[in-house]
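Participant: Got a structure for you, final-v6.cif, holding mmCIF, C-alpha atoms.
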```cif
data_structure
loop_
_atom_site.label_atom_id
_atom_site.label_comp_id
_atom_site.auth_asym_id
_atom_site.auth_seq_id
_atom_site.Cartn_x
_atom_site.Cartn_y
_atom_site.Cartn_z
CA ARG Z 1 -92.66 -51.03 115.68
CA LEU Z 2 -96.28 -51.57 114.89
CA ALA Z 3 -97.41 -52.33 111.31
CA HIS Z 4 -101.00 -51.54 110.39
CA GLY Z 5 -103.29 -50.79 107.48
CA ALA Z 6 -104.97 -47.38 107.45
CA ASN Z 7 -106.36 -44.77 105.07
CA GLY Z 8 -104.50 -41.50 104.68
CA PRO Z 9 -106.45 -38.23 105.01
CA GLY Z 10 -109.19 -38.10 102.35
CA GLU Z 11 -108.10 -41.38 100.71
CA GLU Z 12 -110.28 -44.37 99.88
CA GLN Z 13 -107.54 -47.03 99.66
CA SER Z 14 -105.78 -48.40 102.71
CA ASP Z 15 -101.97 -48.37 102.87
CA ILE Z 16 -99.43 -50.05 105.11
CA TRP Z 17 -97.96 -47.82 107.82
CA LEU Z 18 -95.24 -48.37 110.45
CA THR Z 19 -95.48 -46.66 113.81
CA ASP Z 20 -92.54 -46.46 116.19
CA VAL Z 21 -94.46 -46.74 119.45
CA ASP Z 22 -91.57 -45.42 121.56
CA GLY Z 23 -90.93 -42.34 119.44
CA ASP Z 24 -94.52 -41.80 118.27
CA VAL Z 25 -93.36 -41.57 114.62
CA THR Z 26 -95.46 -42.98 111.78
CA GLN Z 27 -94.11 -43.79 108.31
CA ARG Z 28 -96.12 -44.79 105.23
CA LEU Z 29 -94.79 -47.88 103.41
CA THR Z 30 -97.22 -48.14 100.47
CA SER Z 31 -98.87 -45.46 98.35
CA ASP Z 32 -99.56 -46.99 94.94
CA ARG Z 33 -103.37 -46.70 94.68
CA ARG Z 34 -103.84 -50.41 95.46
CA ASP Z 35 -105.60 -51.22 98.70
CA ALA Z 36 -102.99 -52.76 101.03
CA ASN Z 37 -103.73 -54.27 104.44
CA ASP Z 38 -103.32 -57.27 106.78
CA PRO Z 39 -99.57 -56.92 107.57
CA ALA Z 40 -97.78 -59.90 109.13
CA TRP Z 41 -94.16 -59.48 110.30
CA ARG Z 42 -91.57 -61.90 108.95
CA PRO Z 43 -89.69 -63.34 111.97
CA ASP Z 44 -86.47 -61.42 111.15
CA GLY Z 45 -88.40 -58.11 111.37
CA ARG Z 46 -87.12 -56.93 107.97
CA ALA Z 47 -90.26 -57.55 105.92
CA LEU Z 48 -94.03 -57.82 106.06
CA ALA Z 49 -96.45 -60.05 104.22
CA ILE Z 50 -99.40 -57.93 103.12
CA SER Z 51 -102.60 -58.30 101.15
CA MET Z 52 -103.05 -56.11 98.06
CA LEU Z 53 -106.28 -55.47 96.21
CA ASP Z 54 -105.67 -55.24 92.45
CA SER Z 55 -109.23 -55.18 91.20
CA ALA Z 56 -112.73 -55.26 92.54
CA THR Z 57 -112.58 -59.04 92.94
CA TRP Z 58 -108.94 -60.09 93.47
CA LYS Z 59 -106.88 -59.76 96.60
CA GLY Z 60 -103.42 -61.33 96.70
CA VAL Z 61 -100.35 -61.51 98.91
CA ALA Z 62 -97.02 -59.73 98.58
CA VAL Z 63 -93.87 -59.37 100.68
CA LEU Z 64 -92.76 -55.81 101.42
CA SER Z 65 -89.33 -54.87 102.76
CA VAL Z 66 -89.56 -52.32 105.58
CA ASP Z 67 -86.37 -50.71 104.19
CA GLY Z 68 -88.12 -49.73 100.94
CA GLY Z 69 -88.37 -51.04 97.42
CA PRO Z 70 -91.22 -52.63 95.50
CA ALA Z 71 -93.36 -55.40 96.96
CA ARG Z 72 -92.57 -58.94 95.74
CA ARG Z 73 -95.86 -60.53 94.82
CA PHE Z 74 -96.82 -64.15 95.09
CA PRO Z 75 -98.23 -65.63 91.85
CA LEU Z 76 -101.66 -64.33 90.86
CA ALA Z 77 -104.57 -66.65 91.46
CA PRO Z 78 -108.37 -66.43 91.05
CA TRP Z 79 -109.13 -66.22 94.77
CA PHE Z 80 -108.99 -63.91 97.75
CA GLU Z 81 -105.86 -64.30 99.91
CA ALA Z 82 -104.80 -62.70 103.18
CA PRO Z 83 -101.60 -63.40 105.12
CA GLY Z 84 -101.92 -65.08 108.49
CA ASP Z 85 -98.49 -65.76 109.94
CA TRP Z 86 -94.97 -66.93 109.09
CA THR Z 87 -93.26 -70.10 110.26
CA ARG Z 88 -90.50 -69.43 112.82
CA ASP Z 89 -87.75 -69.83 110.21
CA GLY Z 90 -89.41 -67.33 107.83
CA ARG Z 91 -89.40 -69.78 104.93
CA THR Z 92 -93.16 -70.34 104.77
CA LEU Z 93 -96.12 -67.99 104.92
CA LEU Z 94 -99.55 -69.22 106.01
CA VAL Z 95 -102.42 -67.56 104.14
CA THR Z 96 -106.18 -67.79 104.19
CA ARG Z 97 -107.66 -68.43 100.75
CA ILE Z 98 -111.28 -68.03 99.78
CA ASP Z 99 -111.93 -69.48 96.31
CA THR Z 100 -114.61 -68.45 93.83
CA SER Z 101 -117.11 -70.92 95.36
CA GLY Z 102 -116.65 -69.40 98.83
CA THR Z 103 -114.58 -72.28 100.25
CA THR Z 104 -112.05 -71.12 102.86
CA ALA Z 105 -108.75 -72.92 103.43
CA VAL Z 106 -105.33 -72.30 104.96
CA TRP Z 107 -102.37 -72.67 102.62
CA ALA Z 108 -98.61 -72.76 103.23
CA LEU Z 109 -96.71 -70.72 100.63
CA PRO Z 110 -92.92 -71.06 100.38
CA ALA Z 111 -91.28 -67.62 100.66
CA ASP Z 112 -89.10 -68.45 97.64
CA GLY Z 113 -92.20 -68.49 95.42
CA GLY Z 114 -92.49 -72.27 95.03
CA ALA Z 115 -95.76 -74.16 94.84
CA GLY Z 116 -97.94 -73.91 97.93
CA ARG Z 117 -99.88 -76.65 99.67
CA ARG Z 118 -103.19 -76.77 101.48
CA VAL Z 119 -102.79 -77.45 105.21
CA PHE Z 120 -106.36 -77.04 106.46
#
```
Now, as a test, write the supplied structure out as structure tokens.

Facilitator:
Amino acid sequence: RLAHGANGPGEEQSDIWLTDVDGDVTQRLTSDRRDANDPAWRPDGRALAISMLDSATWKGVAVLSVDGGPARRFPLAPWFEAPGDWTRDGRTLLVTRIDTSGTTAVWALPADGGAGRRVF
């Protein structure tokens, strides 16, 4: 399966979609009027880390089960975040953060919601 962000017909916000490349079937995973994009598969294939735009200036990260249900959001912060990749064990998500001064850094966020740490 391929996960991607795309706009539906006539829509301004992007949503997360899954496409079964063998069966040529596409399924929409988000549709809540928040811009969602940048999907990154968790290693077990059961969830995606995604970015969600909640306002004109804030973009944060959430984890979305591919089986349905609401997205579990990481704590809100005053910066732009986009998921990069997961560690092999699925316990840590690497994200790119751009703070209000424009500084870019890579952070490791524990999947259990614990405090993150800057890695680069």

Participant: Got a sec: who's within 6 Å of stretch 49-52 of chain Z, counting all atoms listed in the file, leaving out chain neighbours fewer than 2 positions off, as JSON, numbers by chain?

Facilitator: {"Z": [35, 36, 37, 38, 39, 40, 59, 60, 61, 62, 63, 82]}

Participant: If you count all atoms listed in the file, which residues fall within 12 Å of Z:Val25, apart from same-chain ones fewer than 5 positions away, as a tab-separated table (two decimals) with C-alpha atoms, in the frame of the given file?

Facilitator:
```tsv
chain	number	residue	atom	x	y	z
Z	1	ARG	CA	-92.66	-51.03	115.68
Z	2	LEU	CA	-96.28	-51.57	114.89
Z	3	ALA	CA	-97.41	-52.33	111.31
Z	17	TRP	CA	-97.96	-47.82	107.82
Z	18	LEU	CA	-95.24	-48.37	110.45
Z	19	THR	CA	-95.48	-46.66	113.81
Z	20	ASP	CA	-92.54	-46.46	116.19
```

Participant: Determine, counting only C-alpha atoms, which protein, DNA and RNA residues have an atom within 8 Å of an atom of Z:Trp41; residues of the same chain fewer than 4 positions away are not included. Present the result as a ChimeraX atom specification.

Facilitator: /Z:3,45-49,85-86

Participant: Dump as a PyMOL selection string all residues having an atom at most 12 Å from (-93.6, -69.7, 94.2), computed in the file's coordinates with only C-alpha atoms.

Facilitator: chain Z and resi 61-62+72-77+91-93+108-117

Participant: Can you tell me how far atom CA of Z:Arg33 sits from atom CA of Z:Ile16, in Å to one decimal?

Facilitator: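 Calculated distance between atom CA of Z:Arg33 and atom CA of Z:Ile16 is 11.6 Å.
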
Participant: With all atoms listed in the file as the atoms that count, which of Z:Val119, Z:Val66, Z:Leu94, Z:Ala71 lies nearest to Z:Asp32?

Facilitator: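 Under the stated criterion, the closest residue is Z:Ala71.
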
Participant: Which of these, Z:Asp24, Z:Leu64, Z:Val106, Z:Pro70, has the shortest distance to Z:Gly84 once you count all atoms listed in the file?

Facilitator: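 Under the stated criterion, the closest residue is Z:Val106.
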